[in-house]
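Coordinates as given in my_file.cif (mmCIF, C-alpha atoms and all ligand atoms; chains and numbers go by the auth columns):
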```
data_model
#
loop_
_atom_site.group_PDB
_atom_site.id
_atom_site.type_symbol
_atom_site.label_atom_id
_atom_site.label_comp_id
_atom_site.label_asym_id
_atom_site.label_seq_id
_atom_site.Cartn_x
_atom_site.Cartn_y
_atom_site.Cartn_z
_atom_site.B_iso_or_equiv
_atom_site.auth_seq_id
_atom_site.auth_asym_id
ATOM 1 C CA MET A 1 99.866 255.798 122.761 0.00 1068 Z
ATOM 2 C CA ARG A 2 102.243 254.671 125.493 0.00 1069 Z
ATOM 3 C CA ARG A 3 105.137 252.557 124.255 0.00 1070 Z
ATOM 4 C CA PRO A 4 105.584 249.226 126.021 0.00 1071 Z
ATOM 5 C CA ALA A 5 108.213 249.335 128.785 0.00 1072 Z
ATOM 6 C CA LEU A 6 111.719 248.145 127.910 0.00 1073 Z
ATOM 7 C CA THR A 7 112.435 244.502 128.727 0.00 1074 Z
ATOM 8 C CA PHE A 8 116.076 245.259 129.610 0.00 1075 Z
ATOM 9 C CA LYS A 9 117.893 247.477 132.092 0.00 1076 Z
ATOM 10 C CA VAL A 10 119.570 250.498 130.562 0.00 1077 Z
ATOM 11 C CA ARG A 11 123.220 250.370 131.672 0.00 1078 Z
ATOM 12 C CA ARG A 12 126.074 252.652 130.845 0.00 1079 Z
ATOM 13 C CA ARG A 13 129.101 250.445 131.409 0.00 1080 Z
ATOM 14 C CA GLY A 14 131.955 251.977 129.461 0.00 1081 Z
ATOM 15 C CA LEU A 15 134.353 250.130 127.203 0.00 1082 Z
ATOM 16 C CA SER A 16 138.052 250.917 126.983 0.00 1083 Z
ATOM 17 C CA THR A 17 139.066 253.037 124.003 0.00 1084 Z
ATOM 18 C CA LYS A 18 140.591 249.969 122.338 0.00 1085 Z
ATOM 19 C CA ARG A 19 137.472 247.879 122.885 0.00 1086 Z
ATOM 20 C CA ARG A 20 135.240 250.746 121.666 0.00 1087 Z
ATOM 21 C CA ARG A 21 137.266 250.954 118.452 0.00 1088 Z
ATOM 22 C CA GLU A 22 137.016 247.189 118.005 0.00 1089 Z
ATOM 23 C CA LEU A 23 133.263 247.348 118.589 0.00 1090 Z
ATOM 24 C CA GLU A 24 132.939 249.987 115.882 0.00 1091 Z
ATOM 25 C CA SER A 25 135.078 248.206 113.334 0.00 1092 Z
ATOM 26 C CA TRP A 26 133.685 244.698 113.925 0.00 1093 Z
ATOM 27 C CA SER A 27 130.106 246.044 113.983 0.00 1094 Z
ATOM 28 C CA GLU A 28 130.566 247.293 110.442 0.00 1095 Z
ATOM 29 C CA ARG A 29 131.519 243.789 109.356 0.00 1096 Z
ATOM 30 C CA TRP A 30 129.263 241.567 111.400 0.00 1097 Z
ATOM 31 C CA CYS A 31 126.298 243.540 112.738 0.00 1098 Z
ATOM 32 C CA ILE A 32 122.863 243.714 111.189 0.00 1099 Z
ATOM 33 C CA ASP A 33 121.088 247.088 111.481 0.00 1100 Z
ATOM 34 C CA LEU A 34 117.915 247.266 113.509 0.00 1101 Z
ATOM 35 C CA ASP A 35 116.206 249.292 110.784 0.00 1102 Z
ATOM 36 C CA GLY A 36 115.839 248.397 107.170 0.00 1103 Z
ATOM 37 C CA PRO A 37 113.953 246.179 104.759 0.00 1104 Z
ATOM 38 C CA PRO A 38 113.091 242.553 105.509 0.00 1105 Z
ATOM 39 C CA LEU A 39 116.252 240.502 105.880 0.00 1106 Z
ATOM 40 C CA ASP A 40 117.408 238.239 103.080 0.00 1107 Z
ATOM 41 C CA PHE A 41 119.453 235.623 104.955 0.00 1108 Z
ATOM 42 C CA ASP A 42 121.491 234.726 101.849 0.00 1109 Z
ATOM 43 C CA GLU A 43 122.577 238.355 101.699 0.00 1110 Z
ATOM 44 C CA VAL A 44 123.178 238.535 105.467 0.00 1111 Z
ATOM 45 C CA PHE A 45 125.382 235.432 105.637 0.00 1112 Z
ATOM 46 C CA GLY A 46 127.130 235.939 102.301 0.00 1113 Z
ATOM 47 C CA PRO A 47 127.394 234.345 98.887 0.00 1114 Z
ATOM 48 C CA GLU A 48 129.018 231.099 100.090 0.00 1115 Z
ATOM 49 C CA ARG A 49 126.003 230.200 102.206 0.00 1116 Z
ATOM 50 C CA PRO A 50 124.663 226.781 101.188 0.00 1117 Z
ATOM 51 C CA SER A 51 120.996 226.998 100.267 0.00 1118 Z
ATOM 52 C CA GLY A 52 118.434 225.728 102.735 0.00 1119 Z
ATOM 53 C CA ARG A 53 120.462 226.399 105.882 0.00 1120 Z
ATOM 54 C CA GLY A 54 118.460 227.131 108.999 0.00 1121 Z
ATOM 55 C CA VAL A 55 118.635 230.368 110.993 0.00 1122 Z
ATOM 56 C CA VAL A 56 118.289 230.558 114.773 0.00 1123 Z
ATOM 57 C CA LEU A 57 117.532 233.781 116.654 0.00 1124 Z
ATOM 58 C CA ASP A 58 119.372 233.936 120.001 0.00 1125 Z
ATOM 59 C CA ILE A 59 117.702 236.658 122.056 0.00 1126 Z
ATOM 60 C CA GLY A 60 119.420 238.516 124.921 0.00 1127 Z
ATOM 61 C CA PHE A 61 122.717 236.625 124.820 0.00 1128 Z
ATOM 62 C CA GLY A 62 124.260 238.554 127.729 0.00 1129 Z
ATOM 63 C CA HIS A 63 127.984 237.815 127.732 0.00 1130 Z
ATOM 64 C CA GLY A 64 127.547 235.459 124.785 0.00 1131 Z
ATOM 65 C CA GLU A 65 128.818 232.214 126.342 0.00 1132 Z
ATOM 66 C CA SER A 66 125.979 230.056 125.057 0.00 1133 Z
ATOM 67 C CA THR A 67 125.864 231.831 121.686 0.00 1134 Z
ATOM 68 C CA ILE A 68 129.571 231.263 121.066 0.00 1135 Z
ATOM 69 C CA GLN A 69 129.745 227.699 122.408 0.00 1136 Z
ATOM 70 C CA MET A 70 126.606 226.515 120.609 0.00 1137 Z
ATOM 71 C CA ALA A 71 127.709 228.132 117.327 0.00 1138 Z
ATOM 72 C CA ARG A 72 131.105 226.444 117.652 0.00 1139 Z
ATOM 73 C CA ALA A 73 129.484 223.092 118.369 0.00 1140 Z
ATOM 74 C CA ASP A 74 127.060 223.306 115.445 0.00 1141 Z
ATOM 75 C CA PRO A 75 128.389 225.138 112.400 0.00 1142 Z
ATOM 76 C CA SER A 76 125.520 223.765 110.275 0.00 1143 Z
ATOM 77 C CA VAL A 77 123.052 226.406 111.423 0.00 1144 Z
ATOM 78 C CA ASP A 78 123.294 230.186 111.055 0.00 1145 Z
ATOM 79 C CA VAL A 79 122.814 232.282 114.175 0.00 1146 Z
ATOM 80 C CA ILE A 80 121.598 235.832 114.691 0.00 1147 Z
ATOM 81 C CA GLY A 81 122.396 236.921 118.250 0.00 1148 Z
ATOM 82 C CA VAL A 82 120.627 239.950 119.708 0.00 1149 Z
ATOM 83 C CA GLU A 83 121.786 241.942 122.731 0.00 1150 Z
ATOM 84 C CA VAL A 84 121.505 245.545 123.866 0.00 1151 Z
ATOM 85 C CA HIS A 85 124.607 245.837 126.046 0.00 1152 Z
ATOM 86 C CA ASP A 86 127.976 246.778 124.582 0.00 1153 Z
ATOM 87 C CA PRO A 87 130.301 244.432 126.565 0.00 1154 Z
ATOM 88 C CA GLY A 88 128.456 241.270 125.487 0.00 1155 Z
ATOM 89 C CA VAL A 89 128.098 242.495 121.926 0.00 1156 Z
ATOM 90 C CA VAL A 90 131.831 243.147 121.590 0.00 1157 Z
ATOM 91 C CA THR A 91 132.631 239.737 123.145 0.00 1158 Z
ATOM 92 C CA VAL A 92 130.546 237.925 120.532 0.00 1159 Z
ATOM 93 C CA LEU A 93 131.923 240.112 117.728 0.00 1160 Z
ATOM 94 C CA ASP A 94 135.434 239.230 118.897 0.00 1161 Z
ATOM 95 C CA ALA A 95 134.580 235.537 118.533 0.00 1162 Z
ATOM 96 C CA VAL A 96 133.007 236.053 115.103 0.00 1163 Z
ATOM 97 C CA GLU A 97 136.090 237.962 113.945 0.00 1164 Z
ATOM 98 C CA ASN A 98 138.831 235.891 115.557 0.00 1165 Z
ATOM 99 C CA ASP A 99 137.476 232.418 116.410 0.00 1166 Z
ATOM 100 C CA PRO A 100 136.212 232.655 113.632 0.00 1167 Z
ATOM 101 C CA LEU A 101 132.467 232.027 113.507 0.00 1168 Z
ATOM 102 C CA PRO A 102 131.424 232.972 109.971 0.00 1169 Z
ATOM 103 C CA HIS A 103 127.888 231.712 110.512 0.00 1170 Z
ATOM 104 C CA VAL A 104 127.100 234.185 113.337 0.00 1171 Z
ATOM 105 C CA ARG A 105 125.795 237.749 112.995 0.00 1172 Z
ATOM 106 C CA VAL A 106 124.931 240.201 115.752 0.00 1173 Z
ATOM 107 C CA VAL A 107 122.167 242.725 116.256 0.00 1174 Z
ATOM 108 C CA HIS A 108 123.069 245.428 118.763 0.00 1175 Z
ATOM 109 C CA GLY A 109 119.664 246.537 120.013 0.00 1176 Z
ATOM 110 C CA ASP A 110 116.176 245.614 121.085 0.00 1177 Z
ATOM 111 C CA VAL A 111 114.845 242.392 119.563 0.00 1178 Z
ATOM 112 C CA ILE A 112 111.329 243.822 119.533 0.00 1179 Z
ATOM 113 C CA ALA A 113 112.436 246.457 117.027 0.00 1180 Z
ATOM 114 C CA LEU A 114 114.275 243.823 114.973 0.00 1181 Z
ATOM 115 C CA LEU A 115 111.166 241.687 114.491 0.00 1182 Z
ATOM 116 C CA ALA A 116 109.915 244.034 111.745 0.00 1183 Z
ATOM 117 C CA ARG A 117 112.894 242.880 109.631 0.00 1184 Z
ATOM 118 C CA ILE A 118 112.260 239.154 109.996 0.00 1185 Z
ATOM 119 C CA GLY A 119 109.879 237.568 107.506 0.00 1186 Z
ATOM 120 C CA ALA A 120 107.057 235.181 108.351 0.00 1187 Z
ATOM 121 C CA GLU A 121 108.069 231.519 108.707 0.00 1188 Z
ATOM 122 C CA THR A 122 111.784 232.134 108.110 0.00 1189 Z
ATOM 123 C CA LEU A 123 113.337 231.054 111.427 0.00 1190 Z
ATOM 124 C CA ASP A 124 114.291 227.497 112.343 0.00 1191 Z
ATOM 125 C CA GLY A 125 114.740 228.213 116.020 0.00 1192 Z
ATOM 126 C CA VAL A 126 114.476 230.841 118.732 0.00 1193 Z
ATOM 127 C CA ARG A 127 116.441 230.769 122.008 0.00 1194 Z
ATOM 128 C CA ILE A 128 115.655 232.872 125.054 0.00 1195 Z
ATOM 129 C CA TYR A 129 117.917 231.821 127.911 0.00 1196 Z
ATOM 130 C CA PHE A 130 117.526 233.464 131.321 0.00 1197 Z
ATOM 131 C CA PRO A 131 115.652 236.577 130.238 0.00 1198 Z
ATOM 132 C CA ASP A 132 115.794 239.400 132.791 0.00 1199 Z
ATOM 133 C CA PRO A 133 113.578 238.144 135.640 0.00 1200 Z
ATOM 134 C CA TRP A 134 111.945 241.439 136.700 0.00 1201 Z
ATOM 135 C CA PRO A 135 111.047 239.806 140.025 0.00 1202 Z
ATOM 136 C CA LYS A 136 108.819 242.448 141.592 0.00 1203 Z
ATOM 137 C CA THR A 137 105.125 242.237 140.745 0.00 1204 Z
ATOM 138 C CA ARG A 138 105.117 245.855 139.586 0.00 1205 Z
ATOM 139 C CA GLN A 139 107.921 244.981 137.122 0.00 1206 Z
ATOM 140 C CA HIS A 140 106.290 241.885 135.596 0.00 1207 Z
ATOM 141 C CA HIS A 141 105.013 243.863 132.598 0.00 1208 Z
ATOM 142 C CA ARG A 142 108.679 244.270 131.565 0.00 1209 Z
ATOM 143 C CA ARG A 143 109.221 240.537 131.119 0.00 1210 Z
ATOM 144 C CA LEU A 144 110.186 239.614 127.568 0.00 1211 Z
ATOM 145 C CA VAL A 145 108.220 236.378 127.431 0.00 1212 Z
ATOM 146 C CA ARG A 146 104.678 237.623 127.087 0.00 1213 Z
ATOM 147 C CA ALA A 147 101.792 236.833 124.748 0.00 1214 Z
ATOM 148 C CA ASP A 148 102.400 239.481 122.069 0.00 1215 Z
ATOM 149 C CA VAL A 149 106.137 238.760 121.822 0.00 1216 Z
ATOM 150 C CA VAL A 150 105.643 234.982 121.714 0.00 1217 Z
ATOM 151 C CA GLY A 151 102.914 235.480 119.073 0.00 1218 Z
ATOM 152 C CA ALA A 152 105.249 237.631 116.955 0.00 1219 Z
ATOM 153 C CA LEU A 153 108.080 235.086 117.295 0.00 1220 Z
ATOM 154 C CA THR A 154 105.729 232.227 116.375 0.00 1221 Z
ATOM 155 C CA ASP A 155 104.709 234.134 113.208 0.00 1222 Z
ATOM 156 C CA ARG A 156 108.366 234.119 112.217 0.00 1223 Z
ATOM 157 C CA MET A 157 109.039 230.427 112.962 0.00 1224 Z
ATOM 158 C CA ARG A 158 108.715 227.779 110.269 0.00 1225 Z
ATOM 159 C CA VAL A 159 106.477 224.817 110.995 0.00 1226 Z
ATOM 160 C CA GLY A 160 108.644 222.462 113.075 0.00 1227 Z
ATOM 161 C CA ALA A 161 110.927 225.266 114.335 0.00 1228 Z
ATOM 162 C CA GLU A 162 111.877 225.111 118.013 0.00 1229 Z
ATOM 163 C CA LEU A 163 111.395 227.770 120.676 0.00 1230 Z
ATOM 164 C CA HIS A 164 113.735 227.015 123.597 0.00 1231 Z
ATOM 165 C CA LEU A 165 113.325 228.938 126.842 0.00 1232 Z
ATOM 166 C CA ALA A 166 115.206 228.635 130.126 0.00 1233 Z
ATOM 167 C CA THR A 167 114.848 230.407 133.456 0.00 1234 Z
ATOM 168 C CA ASP A 168 115.781 229.952 137.106 0.00 1235 Z
ATOM 169 C CA VAL A 169 112.805 231.956 138.349 0.00 1236 Z
ATOM 170 C CA ALA A 170 109.939 229.641 139.329 0.00 1237 Z
ATOM 171 C CA ASP A 171 107.087 232.023 138.634 0.00 1238 Z
ATOM 172 C CA TYR A 172 108.642 233.114 135.325 0.00 1239 Z
ATOM 173 C CA ALA A 173 108.796 229.437 134.295 0.00 1240 Z
ATOM 174 C CA ARG A 174 105.071 229.137 135.061 0.00 1241 Z
ATOM 175 C CA LEU A 175 104.389 232.299 133.062 0.00 1242 Z
ATOM 176 C CA MET A 176 106.457 231.016 130.114 0.00 1243 Z
ATOM 177 C CA ARG A 177 104.496 227.808 130.162 0.00 1244 Z
ATOM 178 C CA SER A 178 101.096 229.458 130.274 0.00 1245 Z
ATOM 179 C CA VAL A 179 101.979 231.985 127.540 0.00 1246 Z
ATOM 180 C CA CYS A 180 103.294 229.238 125.233 0.00 1247 Z
ATOM 181 C CA ASP A 181 100.426 226.840 126.038 0.00 1248 Z
ATOM 182 C CA ASP A 182 97.994 229.626 125.121 0.00 1249 Z
ATOM 183 C CA GLU A 183 99.647 230.149 121.719 0.00 1250 Z
ATOM 184 C CA PRO A 184 97.656 227.750 119.485 0.00 1251 Z
ATOM 185 C CA ARG A 185 100.499 227.321 116.967 0.00 1252 Z
ATOM 186 C CA LEU A 186 102.943 226.005 119.604 0.00 1253 Z
ATOM 187 C CA ALA A 187 103.094 222.545 121.176 0.00 1254 Z
ATOM 188 C CA GLY A 188 105.496 221.458 123.895 0.00 1255 Z
ATOM 189 C CA GLY A 189 106.303 222.037 127.534 0.00 1256 Z
ATOM 190 C CA VAL A 190 108.936 221.499 130.211 0.00 1257 Z
ATOM 191 C CA VAL A 191 111.883 219.271 129.204 0.00 1258 Z
ATOM 192 C CA GLU A 192 115.034 217.902 130.816 0.00 1259 Z
ATOM 193 C CA ARG A 193 117.923 220.291 130.401 0.00 1260 Z
ATOM 194 C CA PRO A 194 119.189 219.753 126.809 0.00 1261 Z
ATOM 195 C CA PRO A 195 122.920 218.889 127.022 0.00 1262 Z
ATOM 196 C CA ALA A 196 123.685 221.258 124.124 0.00 1263 Z
ATOM 197 C CA ARG A 197 122.818 224.312 126.252 0.00 1264 Z
ATOM 198 C CA PRO A 198 126.001 225.462 128.031 0.00 1265 Z
ATOM 199 C CA ILE A 199 125.976 226.824 131.581 0.00 1266 Z
ATOM 200 C CA THR A 200 126.431 230.584 131.536 0.00 1267 Z
ATOM 201 C CA ARG A 201 127.463 232.837 134.410 0.00 1268 Z
ATOM 202 C CA PHE A 202 123.821 233.857 134.904 0.00 1269 Z
ATOM 203 C CA GLU A 203 122.806 230.241 135.267 0.00 1270 Z
ATOM 204 C CA ARG A 204 125.765 229.474 137.553 0.00 1271 Z
ATOM 205 C CA ARG A 205 124.712 232.339 139.824 0.00 1272 Z
ATOM 206 C CA GLY A 206 121.188 230.910 140.069 0.00 1273 Z
ATOM 207 C CA LEU A 207 122.427 227.379 140.742 0.00 1274 Z
ATOM 208 C CA ASP A 208 124.833 228.638 143.407 0.00 1275 Z
ATOM 209 C CA ALA A 209 121.921 230.435 145.058 0.00 1276 Z
ATOM 210 C CA GLY A 210 119.989 227.122 145.155 0.00 1277 Z
ATOM 211 C CA ARG A 211 117.481 227.982 142.431 0.00 1278 Z
ATOM 212 C CA THR A 212 116.053 225.358 140.083 0.00 1279 Z
ATOM 213 C CA VAL A 213 116.452 225.811 136.360 0.00 1280 Z
ATOM 214 C CA THR A 214 113.524 225.051 134.048 0.00 1281 Z
ATOM 215 C CA ASP A 215 113.930 224.418 130.320 0.00 1282 Z
ATOM 216 C CA LEU A 216 110.905 224.585 128.034 0.00 1283 Z
ATOM 217 C CA VAL A 217 110.840 223.522 124.390 0.00 1284 Z
ATOM 218 C CA TYR A 218 107.932 224.261 122.060 0.00 1285 Z
ATOM 219 C CA ARG A 219 107.582 223.493 118.355 0.00 1286 Z
ATOM 220 C CA ARG A 220 105.657 225.466 115.784 0.00 1287 Z
ATOM 221 C CA THR A 221 102.721 223.474 114.470 0.00 1288 Z
ATOM 222 C CA PRO A 222 100.904 224.134 111.130 0.00 1289 Z
HETATM 223 C C1 LIG B . 119.826 237.819 132.491 0.00 1301 Z
HETATM 224 S S1 LIG B . 120.639 238.079 131.004 0.00 1301 Z
HETATM 225 C C2 LIG B . 120.901 236.432 130.355 0.00 1301 Z
HETATM 226 C C3 LIG B . 121.954 236.388 129.323 0.00 1301 Z
HETATM 227 C C4 LIG B . 122.182 235.047 128.614 0.00 1301 Z
HETATM 228 N N1 LIG B . 121.054 234.667 127.804 0.00 1301 Z
HETATM 229 C C5 LIG B . 122.561 233.944 129.554 0.00 1301 Z
HETATM 230 O O1 LIG B . 121.823 232.960 129.654 0.00 1301 Z
HETATM 231 O O2 LIG B . 123.612 234.040 130.168 0.00 1301 Z
HETATM 232 C C6 LIG B . 119.349 238.684 129.952 0.00 1301 Z
HETATM 233 C C7 LIG B . 119.885 239.494 128.792 0.00 1301 Z
HETATM 234 O O3 LIG B . 118.831 239.806 127.889 0.00 1301 Z
HETATM 235 C C8 LIG B . 119.063 241.088 127.346 0.00 1301 Z
HETATM 236 N N2 LIG B . 117.787 241.614 126.847 0.00 1301 Z
HETATM 237 C C9 LIG B . 116.681 241.849 127.578 0.00 1301 Z
HETATM 238 N N3 LIG B . 115.703 242.333 126.801 0.00 1301 Z
HETATM 239 C C10 LIG B . 116.219 242.384 125.530 0.00 1301 Z
HETATM 240 C C11 LIG B . 115.692 242.827 124.282 0.00 1301 Z
HETATM 241 N N4 LIG B . 114.445 243.299 124.191 0.00 1301 Z
HETATM 242 N N5 LIG B . 116.478 242.753 123.195 0.00 1301 Z
HETATM 243 C C12 LIG B . 117.750 242.294 123.305 0.00 1301 Z
HETATM 244 N N6 LIG B . 118.309 241.869 124.456 0.00 1301 Z
HETATM 245 C C13 LIG B . 117.549 241.925 125.563 0.00 1301 Z
HETATM 246 C C14 LIG B . 119.641 241.865 128.519 0.00 1301 Z
HETATM 247 O O4 LIG B . 120.405 242.973 128.099 0.00 1301 Z
HETATM 248 C C15 LIG B . 120.497 240.818 129.232 0.00 1301 Z
HETATM 249 O O5 LIG B . 121.836 240.854 128.811 0.00 1301 Z
#
```

Would you kindly transcribe this structure into structure tokens?
Amino acid sequence: MRRPALTFKVRRRGLSTKRRRELESWSERWCIDLDGPPLDFDEVFGPERPSGRGVVLDIGFGHGESTIQMARADPSVDVIGVEVHDPGVVTVLDAVENDPLPHVRVVHGDVIALLARIGAETLDGVRIYFPDPWPKTRQHHRRLVRADVVGALTDRMRVGAELHLATDVADYARLMRSVCDDEPRLAGGVVERPPARPITRFERRGLDAGRTVTDLVYRRTP
């Protein structure tokens, strides 16, 4: 069987020796492994975690601006950020270690592999902001927001949990909408930009190029 194509670009941008050492040491403290048994969030976030706290999955956080700022603004919800590229991962780990952000954990890898560790109806939110656009028609199959991924994320969302998507690519926004509209357990659509979502450098680049940003919010229904 052919494996589905990767949804991210493989990049080999090196880190300085110091940053590499920090990545290794902070990863041991704050990263969740891709492989392993289903996650117990009380274990992941530690013994002090108040019971009943929500967990949000922040997928493909890039340089981590929105992950860090939103976690700082709302310490009442636990966050698992997922990213494949080292520079963004070490930036978020730096904030977790030194800001500090004790309610944030990081997964350094492909979210699709992580999904096997997340139990059904355990997430209170999922964020996918500016996923890689894969603009050429022959690349569209690499887009992250597609029916099987949205179905798998919906399985893992509690009833009432929010899926928040944003993109500055018009035809990706249409695709997001049709994929989510076709998922019978989701209800929602295009919304005004929520003020809680910070502007990242990816978004700034799109705005500077004259592109329009679309936010979509869907909720899991019973
Ligand atoms: C265009 S950037 C946007 C970053 C950030 N969300 C923002 O709004 O600034 C998309 C990011 O998603 C990451 N990504 C793509 N597919 C992913 C996957 N399957 N698992 C984890 N991260 C992924 C890429 O590495 C990239 O950093």

To box ligand LIG 1301 (chain Z), take all atoms listed in the file, fit an axis-aligned box, add 5 Å on each side, and give centre and edge lengths in Å to one decimal, as JSON.
```
{"center_x": 119.0, "center_y": 238.1, "center_z": 127.8, "size_x": 19.2, "size_y": 20.3, "size_z": 19.3}
```

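Comparing Z:Asp1238, Z:Glu1089, Z:Asp1145, Z:Asp1199 by their smallest distance to Z:Thr1279, the closest is Z:Asp1238 (using all atoms listed in the file).
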
Quiz item: Residues within 10 Å of ligand LIG 1301 (chain Z) (all atoms listed in the file), as a ChimeraX atom specification?
Solution: /Z:1072-1078,1125-1134,1148-1156,1174-1181,1194-1201,1209-1212,1216,1232-1235,1264-1272

What would the file look like if the residues just selected were written as a PDB file, in the frame of the given file with C-alpha atoms?
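The file below, selection_26.pdb, is the result:
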```pdb
ATOM      1  CA  ALA Z1072     108.213 249.335 128.785  1.00  0.00           C
ATOM      2  CA  LEU Z1073     111.719 248.145 127.910  1.00  0.00           C
ATOM      3  CA  THR Z1074     112.435 244.502 128.727  1.00  0.00           C
ATOM      4  CA  PHE Z1075     116.076 245.259 129.610  1.00  0.00           C
ATOM      5  CA  LYS Z1076     117.893 247.477 132.092  1.00  0.00           C
ATOM      6  CA  VAL Z1077     119.570 250.498 130.562  1.00  0.00           C
ATOM      7  CA  ARG Z1078     123.220 250.370 131.672  1.00  0.00           C
ATOM      8  CA  ASP Z1125     119.372 233.936 120.001  1.00  0.00           C
ATOM      9  CA  ILE Z1126     117.702 236.658 122.056  1.00  0.00           C
ATOM     10  CA  GLY Z1127     119.420 238.516 124.921  1.00  0.00           C
ATOM     11  CA  PHE Z1128     122.717 236.625 124.820  1.00  0.00           C
ATOM     12  CA  GLY Z1129     124.260 238.554 127.729  1.00  0.00           C
ATOM     13  CA  HIS Z1130     127.984 237.815 127.732  1.00  0.00           C
ATOM     14  CA  GLY Z1131     127.547 235.459 124.785  1.00  0.00           C
ATOM     15  CA  GLU Z1132     128.818 232.214 126.342  1.00  0.00           C
ATOM     16  CA  SER Z1133     125.979 230.056 125.057  1.00  0.00           C
ATOM     17  CA  THR Z1134     125.864 231.831 121.686  1.00  0.00           C
ATOM     18  CA  GLY Z1148     122.396 236.921 118.250  1.00  0.00           C
ATOM     19  CA  VAL Z1149     120.627 239.950 119.708  1.00  0.00           C
ATOM     20  CA  GLU Z1150     121.786 241.942 122.731  1.00  0.00           C
ATOM     21  CA  VAL Z1151     121.505 245.545 123.866  1.00  0.00           C
ATOM     22  CA  HIS Z1152     124.607 245.837 126.046  1.00  0.00           C
ATOM     23  CA  ASP Z1153     127.976 246.778 124.582  1.00  0.00           C
ATOM     24  CA  PRO Z1154     130.301 244.432 126.565  1.00  0.00           C
ATOM     25  CA  GLY Z1155     128.456 241.270 125.487  1.00  0.00           C
ATOM     26  CA  VAL Z1156     128.098 242.495 121.926  1.00  0.00           C
ATOM     27  CA  VAL Z1174     122.167 242.725 116.256  1.00  0.00           C
ATOM     28  CA  HIS Z1175     123.069 245.428 118.763  1.00  0.00           C
ATOM     29  CA  GLY Z1176     119.664 246.537 120.013  1.00  0.00           C
ATOM     30  CA  ASP Z1177     116.176 245.614 121.085  1.00  0.00           C
ATOM     31  CA  VAL Z1178     114.845 242.392 119.563  1.00  0.00           C
ATOM     32  CA  ILE Z1179     111.329 243.822 119.533  1.00  0.00           C
ATOM     33  CA  ALA Z1180     112.436 246.457 117.027  1.00  0.00           C
ATOM     34  CA  LEU Z1181     114.275 243.823 114.973  1.00  0.00           C
ATOM     35  CA  ARG Z1194     116.441 230.769 122.008  1.00  0.00           C
ATOM     36  CA  ILE Z1195     115.655 232.872 125.054  1.00  0.00           C
ATOM     37  CA  TYR Z1196     117.917 231.821 127.911  1.00  0.00           C
ATOM     38  CA  PHE Z1197     117.526 233.464 131.321  1.00  0.00           C
ATOM     39  CA  PRO Z1198     115.652 236.577 130.238  1.00  0.00           C
ATOM     40  CA  ASP Z1199     115.794 239.400 132.791  1.00  0.00           C
ATOM     41  CA  PRO Z1200     113.578 238.144 135.640  1.00  0.00           C
ATOM     42  CA  TRP Z1201     111.945 241.439 136.700  1.00  0.00           C
ATOM     43  CA  ARG Z1209     108.679 244.270 131.565  1.00  0.00           C
ATOM     44  CA  ARG Z1210     109.221 240.537 131.119  1.00  0.00           C
ATOM     45  CA  LEU Z1211     110.186 239.614 127.568  1.00  0.00           C
ATOM     46  CA  VAL Z1212     108.220 236.378 127.431  1.00  0.00           C
ATOM     47  CA  VAL Z1216     106.137 238.760 121.822  1.00  0.00           C
ATOM     48  CA  LEU Z1232     113.325 228.938 126.842  1.00  0.00           C
ATOM     49  CA  ALA Z1233     115.206 228.635 130.126  1.00  0.00           C
ATOM     50  CA  THR Z1234     114.848 230.407 133.456  1.00  0.00           C
ATOM     51  CA  ASP Z1235     115.781 229.952 137.106  1.00  0.00           C
ATOM     52  CA  ARG Z1264     122.818 224.312 126.252  1.00  0.00           C
ATOM     53  CA  PRO Z1265     126.001 225.462 128.031  1.00  0.00           C
ATOM     54  CA  ILE Z1266     125.976 226.824 131.581  1.00  0.00           C
ATOM     55  CA  THR Z1267     126.431 230.584 131.536  1.00  0.00           C
ATOM     56  CA  ARG Z1268     127.463 232.837 134.410  1.00  0.00           C
ATOM     57  CA  PHE Z1269     123.821 233.857 134.904  1.00  0.00           C
ATOM     58  CA  GLU Z1270     122.806 230.241 135.267  1.00  0.00           C
ATOM     59  CA  ARG Z1271     125.765 229.474 137.553  1.00  0.00           C
ATOM     60  CA  ARG Z1272     124.712 232.339 139.824  1.00  0.00           C
TER      61      ARG Z1272
END
```

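With all atoms listed in the file as the atoms that count, the minimum distance from Z:Asp1249 to the choices Z:Thr1221, Z:Thr1084, Z:Gln1206, Z:Thr1281 is reached by Z:Thr1221.
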
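With distances taken over all atoms listed in the file, Z:Ile1147 is the one residue among Z:Val1193, Z:Arg1086, Z:Ala1140, Z:Ile1147 lying closest to Z:Asp1100.
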
Quiz prompt | Residue nearest Z:Ser1094 among Z:Val1111, Z:Leu1124, Z:Leu1160, Z:Gln1136 (counting all atoms listed in the file) | solution = Z:Leu1160

Quiz prompt | Spatial sel., origin (132.7, 235.1, 115.5), limit 12 Å, only C-alpha atoms, listed as JSON, numbers by chain | solution = {"Z": [1093, 1094, 1096, 1097, 1098, 1131, 1132, 1134, 1135, 1136, 1137, 1138, 1139, 1142, 1145, 1146, 1147, 1148, 1156, 1157, 1158, 1159, 1160, 1161, 1162, 1163, 1164, 1165, 1166, 1167, 1168, 1169, 1170, 1171, 1172, 1173]}

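Within 10 Å of the point (103.2, 222.8, 119.6) in file coordinates, and counting all atoms listed in the file, lie the residues Val1226, Gly1227, Ala1228, Glu1229, Leu1230, Cys1247, Asp1248, Glu1250, Pro1251, Arg1252, Leu1253, Ala1254, Gly1255, Gly1256, Val1284, Tyr1285, Arg1286, Arg1287, Thr1288 and Pro1289 of chain Z.
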
Quiz item: Which one of Z:Gly1277, Z:Pro1071, Z:Pro1104, Z:Gly1113 sits closest to Z:Arg1184 if you count all atoms listed in the file?
Solution: Z:Pro1104

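For the pair atom CA of Z:Gly1273 and atom CA of Z:Ala1237, the separation is 11.3 Å.
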
Self-check item: Reference answer for the PyMOL selection byres (((chain Z and resi 1186-1190) around 7) and not hetatm), as a ChimeraX atom specification
Solution: /Z:1105,1121-1123,1184-1185,1191-1192,1222-1225,1228
